[in-house]
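Novice: Input run-v2.txt, format and content: compact mmCIF, C-alpha atoms and all ligand atoms.
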```txt
# COMPACT_ATOMS: atom_id res chain seq x y z
CA MET A 1 38.53 -23.48 -19.49
CA GLY A 2 36.42 -20.57 -20.78
CA PRO A 3 37.81 -17.76 -22.91
CA VAL A 4 37.74 -15.34 -19.99
CA GLU A 5 39.98 -17.55 -17.86
CA GLU A 6 42.36 -18.03 -20.80
CA LEU A 7 42.83 -14.26 -21.03
CA PRO A 8 43.24 -13.00 -17.46
CA ALA A 9 42.88 -9.27 -16.91
CA SER A 10 46.15 -7.47 -17.46
CA PRO A 11 47.96 -5.24 -14.93
CA ASP A 12 46.32 -2.30 -16.73
CA HIS A 13 42.94 -3.43 -15.52
CA PRO A 14 41.58 -2.20 -12.18
CA ARG A 15 41.52 -4.31 -9.06
CA LEU A 16 38.23 -5.85 -8.10
CA GLN A 17 37.80 -3.78 -4.94
CA ARG A 18 38.14 -0.62 -7.05
CA VAL A 19 35.55 -1.86 -9.54
CA LEU A 20 33.16 -2.68 -6.71
CA ALA A 21 33.68 0.66 -5.00
CA ARG A 22 33.03 2.44 -8.29
CA ALA A 23 29.90 0.39 -8.86
CA GLY A 24 28.55 1.63 -5.57
CA PHE A 25 29.44 -1.08 -3.08
CA GLY A 26 30.81 1.40 -0.57
CA SER A 27 34.42 2.30 0.06
CA ARG A 28 37.29 0.10 -1.13
CA ARG A 29 37.58 -1.15 2.43
CA LEU A 30 33.96 -2.27 2.43
CA ALA A 31 34.47 -3.89 -0.98
CA GLU A 32 37.45 -5.78 0.47
CA GLU A 33 35.25 -7.01 3.29
CA LEU A 34 32.71 -8.29 0.76
CA ILE A 35 35.49 -10.14 -1.09
CA ASP A 36 36.93 -11.56 2.14
CA ALA A 37 33.48 -12.75 3.14
CA GLY A 38 33.28 -14.76 -0.08
CA ARG A 39 30.29 -12.77 -1.36
CA VAL A 40 31.98 -11.76 -4.62
CA THR A 41 32.51 -14.00 -7.65
CA VAL A 42 34.26 -13.35 -10.94
CA ASN A 43 32.99 -15.49 -13.80
CA GLY A 44 31.34 -17.75 -11.26
CA THR A 45 34.44 -18.34 -9.11
CA PRO A 46 34.85 -16.83 -5.62
CA ALA A 47 37.13 -13.83 -5.98
CA VAL A 48 40.36 -13.20 -4.10
CA LEU A 49 41.54 -9.83 -2.93
CA GLY A 50 43.71 -8.00 -5.41
CA ARG A 51 42.35 -9.77 -8.45
CA ARG A 52 42.22 -7.57 -11.49
CA VAL A 53 39.16 -7.59 -13.68
CA ASP A 54 38.33 -6.39 -17.13
CA PRO A 55 34.96 -4.74 -16.55
CA ASP A 56 34.07 -5.21 -20.23
CA VAL A 57 34.62 -8.94 -20.21
CA ASP A 58 34.59 -10.35 -16.69
CA ARG A 59 31.29 -11.13 -15.01
CA VAL A 60 31.40 -9.81 -11.47
CA GLU A 61 28.64 -10.73 -9.03
CA VAL A 62 27.94 -9.84 -5.41
CA ASP A 63 25.67 -12.33 -3.65
CA GLY A 64 24.95 -13.71 -7.10
CA VAL A 65 23.79 -10.33 -8.40
CA PRO A 66 25.63 -8.91 -11.42
CA VAL A 67 27.50 -5.72 -10.66
CA GLY A 68 27.12 -2.71 -12.83
CA VAL A 69 23.47 -2.65 -13.82
CA ARG A 70 24.12 0.99 -14.46
CA PRO A 71 27.50 2.26 -13.37
CA GLY A 72 27.30 4.49 -10.34
CA LEU A 73 23.71 3.73 -9.43
CA VAL A 74 23.05 1.58 -6.40
CA HIS A 75 19.77 0.17 -5.12
CA TYR A 76 19.66 -1.30 -1.64
CA LEU A 77 16.79 -3.12 -0.02
CA LEU A 78 16.80 -2.70 3.75
CA ASN A 79 14.69 -4.46 6.35
CA LYS A 80 14.10 -1.44 8.54
CA PRO A 81 13.82 -2.19 12.23
CA ALA A 82 11.43 -0.29 14.49
CA GLY A 83 12.99 2.73 16.19
CA VAL A 84 15.11 3.85 13.22
CA VAL A 85 14.17 7.09 11.47
CA THR A 86 13.69 7.27 7.72
CA THR A 87 15.82 10.34 7.10
CA VAL A 88 19.39 11.02 6.05
CA THR A 89 20.28 12.81 9.29
CA ASP A 90 18.36 13.25 12.50
CA THR A 91 18.54 16.41 14.56
CA HIS A 92 17.89 14.37 17.71
CA GLY A 93 20.84 12.06 17.03
CA ARG A 94 18.67 8.99 16.60
CA PRO A 95 19.85 6.16 14.31
CA THR A 96 18.75 6.64 10.71
CA VAL A 97 18.22 4.20 7.86
CA VAL A 98 21.28 5.49 6.01
CA ASP A 99 23.43 4.44 8.99
CA LEU A 100 22.48 0.85 8.18
CA VAL A 101 23.78 0.77 4.58
CA PRO A 102 27.14 1.63 2.93
CA GLY A 103 27.95 5.34 3.15
CA GLU A 104 29.50 5.68 -0.31
CA PRO A 105 28.01 6.52 -2.70
CA ARG A 106 25.48 8.47 -0.74
CA VAL A 107 21.98 7.13 -0.93
CA PHE A 108 18.63 8.35 0.28
CA PRO A 109 15.50 6.51 1.34
CA VAL A 110 12.72 6.07 -1.21
CA GLY A 111 9.62 7.29 0.56
CA ARG A 112 9.19 6.97 4.25
CA LEU A 113 8.31 4.46 6.92
CA ASP A 114 7.23 5.72 10.35
CA LEU A 115 9.64 5.41 13.26
CA ASP A 116 7.83 2.32 14.52
CA THR A 117 7.09 0.75 11.14
CA GLU A 118 9.29 -2.17 10.16
CA GLY A 119 10.03 -3.85 6.88
CA LEU A 120 11.19 -3.20 3.38
CA LEU A 121 12.66 0.14 2.43
CA LEU A 122 14.61 1.03 -0.68
CA LEU A 123 17.63 3.30 -0.53
CA THR A 124 19.23 4.52 -3.72
CA ASN A 125 21.03 7.31 -5.50
CA ASP A 126 18.75 6.76 -8.51
CA GLY A 127 16.68 9.93 -8.30
CA ASP A 128 14.53 9.18 -11.29
CA LEU A 129 13.42 5.76 -10.06
CA ALA A 130 12.92 7.11 -6.53
CA HIS A 131 10.65 9.83 -7.83
CA ARG A 132 8.58 7.37 -9.82
CA LEU A 133 8.27 4.95 -6.94
CA THR A 134 7.01 7.56 -4.53
CA HIS A 135 4.86 9.73 -6.74
CA PRO A 136 1.21 8.71 -6.39
CA SER A 137 0.59 9.21 -10.12
CA PHE A 138 2.72 6.13 -10.86
CA GLY A 139 0.63 4.06 -8.47
CA VAL A 140 3.23 1.55 -7.30
CA GLU A 141 1.57 -0.74 -4.79
CA LYS A 142 3.04 -1.32 -1.34
CA GLU A 143 1.86 -4.16 0.84
CA TYR A 144 1.76 -4.22 4.63
CA LEU A 145 0.95 -6.65 7.39
CA ALA A 146 -0.87 -4.83 10.15
CA GLU A 147 -1.44 -6.35 13.53
CA VAL A 148 -4.47 -4.51 14.88
CA GLN A 149 -6.54 -4.26 18.00
CA GLY A 150 -9.73 -6.28 17.81
CA GLU A 151 -10.99 -8.46 14.99
CA PRO A 152 -12.05 -6.58 11.86
CA ALA A 153 -15.43 -7.71 10.52
CA ARG A 154 -16.25 -8.31 6.85
CA GLY A 155 -17.84 -4.89 6.54
CA THR A 156 -14.67 -3.32 7.89
CA LEU A 157 -12.62 -5.05 5.22
CA ARG A 158 -15.07 -3.76 2.64
CA SER A 159 -14.64 -0.19 3.94
CA LEU A 160 -10.85 -0.52 3.76
CA ARG A 161 -11.12 -1.79 0.19
CA GLU A 162 -13.59 0.81 -0.99
CA GLY A 163 -12.05 3.82 0.71
CA VAL A 164 -11.93 5.33 4.17
CA ASP A 165 -12.64 8.99 4.96
CA LEU A 166 -9.53 10.55 6.45
CA ASP A 167 -8.94 14.20 7.32
CA ASP A 168 -7.06 14.60 4.01
CA GLY A 169 -9.81 12.97 1.98
CA ARG A 170 -11.13 9.54 1.09
CA THR A 171 -8.50 6.89 0.42
CA ALA A 172 -8.30 5.23 -2.97
CA PRO A 173 -9.48 1.64 -3.33
CA ALA A 174 -7.10 -0.71 -1.57
CA LYS A 175 -6.65 -4.44 -1.16
CA ALA A 176 -7.45 -5.76 2.29
CA SER A 177 -7.78 -9.25 3.69
CA LEU A 178 -7.74 -10.89 7.09
CA LEU A 179 -4.90 -13.38 7.60
CA ALA A 180 -5.62 -14.11 11.28
CA PRO A 181 -8.16 -12.69 13.77
CA ASN A 182 -6.14 -9.51 14.29
CA LEU A 183 -3.77 -9.58 11.33
CA LEU A 184 -4.56 -7.62 8.19
CA ARG A 185 -2.85 -7.65 4.83
CA ILE A 186 -3.30 -4.26 3.20
CA ALA A 187 -1.98 -3.06 -0.16
CA ILE A 188 -2.14 0.61 -1.05
CA HIS A 189 -0.67 2.74 -3.80
CA GLU A 190 -1.11 6.29 -2.52
CA GLY A 191 1.56 6.62 0.15
CA ARG A 192 -0.01 9.36 2.27
CA ASN A 193 1.52 10.12 5.63
CA ARG A 194 0.80 7.32 8.16
CA GLN A 195 -1.86 6.09 5.79
CA VAL A 196 -2.26 2.49 6.92
CA ARG A 197 -2.29 3.47 10.59
CA ARG A 198 -4.88 6.15 9.94
CA MET A 199 -7.04 3.84 7.83
CA CYS A 200 -7.06 1.17 10.51
CA GLU A 201 -7.72 3.71 13.25
CA ALA A 202 -10.60 5.17 11.23
CA VAL A 203 -12.32 1.77 11.04
CA GLY A 204 -11.89 1.19 14.77
CA HIS A 205 -8.86 -1.12 14.75
CA PRO A 206 -5.72 0.78 15.74
CA VAL A 207 -2.44 -0.70 14.55
CA VAL A 208 -0.29 -2.47 17.10
CA ARG A 209 2.51 -3.44 14.72
CA LEU A 210 3.08 -2.55 11.07
CA VAL A 211 5.47 -4.30 8.67
CA ARG A 212 5.95 -3.50 4.97
CA VAL A 213 6.40 -6.76 3.07
CA ARG A 214 6.33 -5.69 -0.57
CA ILE A 215 7.24 -2.71 -2.74
CA GLY A 216 5.72 -3.20 -6.18
CA PRO A 217 7.20 -6.50 -7.40
CA VAL A 218 9.92 -6.65 -4.72
CA ARG A 219 9.57 -8.93 -1.69
CA ASP A 220 12.12 -10.43 0.67
CA ARG A 221 11.68 -12.93 3.44
CA SER A 222 15.37 -13.52 4.16
CA LEU A 223 16.63 -10.18 5.44
CA ALA A 224 16.76 -9.94 9.23
CA PRO A 225 15.83 -6.57 10.78
CA GLY A 226 18.68 -4.13 10.10
CA GLU A 227 20.07 -6.18 7.20
CA TRP A 228 20.28 -4.96 3.61
CA ARG A 229 21.15 -6.38 0.22
CA ALA A 230 21.67 -4.97 -3.24
CA LEU A 231 18.69 -5.41 -5.50
CA ALA A 232 19.20 -7.87 -8.33
CA ALA A 233 19.31 -6.40 -11.82
CA ASP A 234 15.99 -8.02 -12.66
CA GLU A 235 14.41 -6.52 -9.53
CA VAL A 236 15.56 -3.04 -10.56
CA ARG A 237 14.12 -3.64 -14.01
CA ALA A 238 10.83 -4.93 -12.56
CA LEU A 239 10.57 -1.88 -10.29
CA ALA A 240 11.22 0.47 -13.19
CA GLU A 241 8.57 -1.40 -15.16
CA ALA A 242 6.06 -1.16 -12.29
CA ALA A 243 6.73 2.57 -12.02
CA ARG A 244 6.27 3.30 -15.69
CA PRO A 245 4.27 6.42 -16.46
CA VAL A 246 0.58 5.62 -16.81
CA PRO A 247 -0.42 6.44 -20.40
CA ALA A 248 -2.58 9.53 -20.75
CA ARG A 249 -6.26 8.72 -21.07
CA VAL A 250 -7.58 8.70 -24.61
CA PRO A 251 -10.28 11.39 -24.92
CA GLY A 252 -13.72 9.81 -24.84
CA GLU A 253 -12.50 6.59 -23.25
CA ARG A 254 -14.20 5.60 -20.02
CA PRO A 255 -11.81 5.77 -17.06
CA GLY A 256 -10.87 2.26 -15.96
CA ALA A 257 -12.39 0.78 -19.12
CA ALA A 258 -9.15 -0.86 -20.14
CA GLY A 259 -5.91 -2.07 -18.62
CA PRO A 260 -5.24 -3.71 -15.29
CA GLY A 261 -6.85 -2.10 -12.27
CA ARG A 262 -4.38 -0.76 -9.75
N1 LIG B 1 1.48 3.54 6.46
C1 LIG B 1 1.70 3.90 7.73
O1 LIG B 1 0.76 4.18 8.45
N2 LIG B 1 2.97 3.96 8.17
C2 LIG B 1 4.02 3.63 7.43
O2 LIG B 1 5.16 3.68 7.91
C3 LIG B 1 3.78 3.24 6.11
C4 LIG B 1 2.50 3.21 5.65
```
As a first step, turn the structure in this file into structure tokens.
Specialist:
Amino acid sequence: MGPVEELPASPDHPRLQRVLARAGFGSRRLAEELIDAGRVTVNGTPAVLGRRVDPDVDRVEVDGVPVGVRPGLVHYLLNKPAGVVTTVTDTHGRPTVVDLVPGEPRVFPVGRLDLDTEGLLLLTNDGDLAHRLTHPSFGVEKEYLAEVQGEPARGTLRSLREGVDLDDGRTAPAKASLLAPNLLRIAIHEGRNRQVRRMCEAVGHPVVRLVRVRIGPVRDRSLAPGEWRALAADEVRALAEAARPVPARVPGERPGAAGPGR
């Protein structure tokens, strides 16, 4: 028996559902549902409703992810389905991405996917990380699978990689490869409005279906459309690392002379 089990939390300690709610797993009711569903463990053992925990000692996990990376901050990864708008509210009453995740604490989407774009979207109340993930100066790469009309030729892939002239200027170098005759993998780090669709259109291959499959270091192949999960602590750390400020260029140094290309 480990030391934690020998010293169970006292009646002064909060109940697990309260700890979870405070850590951002929605209302107490939602936290109770997580516990009932067997998704919560305390010190490695499935938790029961009403259990008290000492937040300083007990190790609480939801879906195997430690709770309380930073108290109060939550980071959800959603597999956005087509037809859901990436806003907090919609004046036309359409379903929004925030309807698909817990309502408390309030979160907002990080960046934007078009109405018809599917795939990974982060929602958080971590304003600092959200800013860094969306601001082009931090250059966090996002990867998409684009089903397109027609079969892009080698030269087309080269154009996508080198930069395409759009009405708001030439796109920055991107990664592009052909996975199947009409399936492109494209990774960009600018995040302009409808950028992938416009790039593909500009090279003569309009997008039929667009799915985001990676945000910086974060991927997920297990979430069904409409499902979400909390990011693991190491995923939050990896995202923060990927969105670190780019060091200012040393005067006299050639741009791109050092460091990994983005
Ligand atoms: N590029 C697009 O064209 N649409 C998206 O939703 C995301 C990237």
Novice: Skipping near chain neighbours, those fewer than 5 positions away, what residues fall within 10 Å of Ala172 in chain A using all atoms listed in the file, listed as number ranges by chain?
Specialist: A: 160-165, 188-190, 262
Novice: Residues of the last selection are to be written out with C-alpha atoms, as a short mmCIF file (atom, residue, chain, number, x, y, z; two decimals), keeping the file's coordinate frame.
Specialist:
```cif
data_model
loop_
_atom_site.label_atom_id
_atom_site.label_comp_id
_atom_site.auth_asym_id
_atom_site.auth_seq_id
_atom_site.Cartn_x
_atom_site.Cartn_y
_atom_site.Cartn_z
CA LEU A 160 -10.85 -0.52 3.76
CA ARG A 161 -11.12 -1.79 0.19
CA GLU A 162 -13.59 0.81 -0.99
CA GLY A 163 -12.05 3.82 0.71
CA VAL A 164 -11.93 5.33 4.17
CA ASP A 165 -12.64 8.99 4.96
CA ILE A 188 -2.14 0.61 -1.05
CA HIS A 189 -0.67 2.74 -3.80
CA GLU A 190 -1.11 6.29 -2.52
CA ARG A 262 -4.38 -0.76 -9.75
#
```
Novice: If I take CA of Gly50 in chain A and CA of Leu34 in chain A, how far is one from the other in Å, to one decimal?
Specialist: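 Calculated distance between CA of Gly50 in chain A and CA of Leu34 in chain A is 12.6 Å.
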Novice: Within 8 Å of ligand LIG 1 (chain B) (counting all atoms listed in the file), which residues show up? I'd like them as a PDB file with C-alpha atoms, in the coordinates of the input.
Specialist:
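Output (selection_4.pdb):
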```pdb
ATOM      1  CA  ARG A 112       9.190   6.970   4.250  1.00  0.00           C
ATOM      2  CA  LEU A 113       8.310   4.460   6.920  1.00  0.00           C
ATOM      3  CA  ASP A 114       7.230   5.720  10.350  1.00  0.00           C
ATOM      4  CA  LEU A 115       9.640   5.410  13.260  1.00  0.00           C
ATOM      5  CA  ASP A 116       7.830   2.320  14.520  1.00  0.00           C
ATOM      6  CA  THR A 117       7.090   0.750  11.140  1.00  0.00           C
ATOM      7  CA  GLU A 118       9.290  -2.170  10.160  1.00  0.00           C
ATOM      8  CA  TYR A 144       1.760  -4.220   4.630  1.00  0.00           C
ATOM      9  CA  GLY A 191       1.560   6.620   0.150  1.00  0.00           C
ATOM     10  CA  ARG A 192      -0.010   9.360   2.270  1.00  0.00           C
ATOM     11  CA  ASN A 193       1.520  10.120   5.630  1.00  0.00           C
ATOM     12  CA  ARG A 194       0.800   7.320   8.160  1.00  0.00           C
ATOM     13  CA  GLN A 195      -1.860   6.090   5.790  1.00  0.00           C
ATOM     14  CA  VAL A 196      -2.260   2.490   6.920  1.00  0.00           C
ATOM     15  CA  ARG A 197      -2.290   3.470  10.590  1.00  0.00           C
ATOM     16  CA  ARG A 198      -4.880   6.150   9.940  1.00  0.00           C
ATOM     17  CA  MET A 199      -7.040   3.840   7.830  1.00  0.00           C
ATOM     18  CA  LEU A 210       3.080  -2.550  11.070  1.00  0.00           C
ATOM     19  CA  ARG A 212       5.950  -3.500   4.970  1.00  0.00           C
TER      20      ARG A 212
END
```
Novice: Applying 10 Å and all atoms listed in the file, which residues near Val67 in chain A remain after dropping the ones on its own chain fewer than 5 positions away? List them as a PyMOL selection string.
Specialist: chain A and resi 19-20+23-25+40+55+59-62+74+230+232-233
Novice: Residues at most 10 Å from Arg39 in chain A, counting only C-alpha atoms, excluding those fewer than 6 positions away in the same chain, as a ChimeraX atom specification?
Specialist: /A:31,33,46-47,61-65
Novice: Residues as selected, C-alpha atoms, written as a PDB file, in the frame of the given file, can you do that?
Specialist:
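So the final result, stored in selection_7.pdb, reads:
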```pdb
ATOM      1  CA  ALA A  31      34.470  -3.890  -0.980  1.00  0.00           C
ATOM      2  CA  GLU A  33      35.250  -7.010   3.290  1.00  0.00           C
ATOM      3  CA  PRO A  46      34.850 -16.830  -5.620  1.00  0.00           C
ATOM      4  CA  ALA A  47      37.130 -13.830  -5.980  1.00  0.00           C
ATOM      5  CA  GLU A  61      28.640 -10.730  -9.030  1.00  0.00           C
ATOM      6  CA  VAL A  62      27.940  -9.840  -5.410  1.00  0.00           C
ATOM      7  CA  ASP A  63      25.670 -12.330  -3.650  1.00  0.00           C
ATOM      8  CA  GLY A  64      24.950 -13.710  -7.100  1.00  0.00           C
ATOM      9  CA  VAL A  65      23.790 -10.330  -8.400  1.00  0.00           C
TER      10      VAL A  65
END
```
Novice: Fewer than 6 positions away in the same chain doesn't count, so skip those; otherwise give me all residues within 12 Å of Arg106 in chain A, counting all atoms listed in the file, as JSON, numbers by chain.
Specialist: {"A": [24, 25, 26, 27, 72, 73, 74, 75, 76, 88, 98, 99, 123, 124, 125, 126, 127]}
Novice: Please write the residues from the selection above to a file, keeping C-alpha atoms, as a PDB file, keeping the file's coordinate frame.
Specialist:
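Written output follows (selection-v1.pdb):
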```
ATOM      1  CA  GLY A  24      28.550   1.630  -5.570  1.00  0.00           C
ATOM      2  CA  PHE A  25      29.440  -1.080  -3.080  1.00  0.00           C
ATOM      3  CA  GLY A  26      30.810   1.400  -0.570  1.00  0.00           C
ATOM      4  CA  SER A  27      34.420   2.300   0.060  1.00  0.00           C
ATOM      5  CA  GLY A  72      27.300   4.490 -10.340  1.00  0.00           C
ATOM      6  CA  LEU A  73      23.710   3.730  -9.430  1.00  0.00           C
ATOM      7  CA  VAL A  74      23.050   1.580  -6.400  1.00  0.00           C
ATOM      8  CA  HIS A  75      19.770   0.170  -5.120  1.00  0.00           C
ATOM      9  CA  TYR A  76      19.660  -1.300  -1.640  1.00  0.00           C
ATOM     10  CA  VAL A  88      19.390  11.020   6.050  1.00  0.00           C
ATOM     11  CA  VAL A  98      21.280   5.490   6.010  1.00  0.00           C
ATOM     12  CA  ASP A  99      23.430   4.440   8.990  1.00  0.00           C
ATOM     13  CA  LEU A 123      17.630   3.300  -0.530  1.00  0.00           C
ATOM     14  CA  THR A 124      19.230   4.520  -3.720  1.00  0.00           C
ATOM     15  CA  ASN A 125      21.030   7.310  -5.500  1.00  0.00           C
ATOM     16  CA  ASP A 126      18.750   6.760  -8.510  1.00  0.00           C
ATOM     17  CA  GLY A 127      16.680   9.930  -8.300  1.00  0.00           C
TER      18      GLY A 127
END
```
Novice: Mind giving me the straight-line distance from CA of Ser177 in chain A to CA of Arg219 in chain A in Å, one decimal?
Specialist: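 Calculated distance between CA of Ser177 in chain A and CA of Arg219 in chain A is 18.2 Å.
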Novice: Given the point (9.0, -5.5, 0.6) in the file's coordinates, find the residues that have an atom at most 8 Å from it, counting all atoms listed in the file, and give them as a list in words.
Specialist: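 Final list of nearby residues, as requested, is Gly119, Leu120, Leu121, Lys142, Glu143, Arg212, Val213, Arg214, Ile215, Gly216, Val218, Arg219 and Asp220 of chain A.
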Novice: Identify which of the residues A:Leu157, A:Ala130, A:Ala21, A:Ala146 lies closest to Lys175 in chain A, counting all atoms listed in the file when measuring atom-to-atom distances.
Specialist: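 Distance minimum relative to Lys175 in chain A lands on A:Leu157.
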Novice: Quick one: distance from CA of Arg154 in chain A to CA of Ala202 in chain A in Å, one decimal?
Specialist: 15.3 Å
Novice: Given the choices A:Val207, A:Leu223, A:Leu129, A:Val148, which gets closest to Arg237 in chain A if the distance is worked out from only C-alpha atoms?
Specialist: A:Leu129
Novice: Using all atoms listed in the file for the distances, tell me which of A:Leu77, A:Leu133, A:Leu30, A:Leu49 is nearest to Glu241 in chain A.
Specialist: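 Ranked by minimum distance to Glu241 in chain A, first place goes to A:Leu133.
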Novice: Which of these residues is nearest to Asp128 in chain A, using only C-alpha atoms: A:Val110, A:Leu78, A:Leu179, A:Leu145?
Specialist: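 Distance minimum relative to Asp128 in chain A lands on A:Val110.
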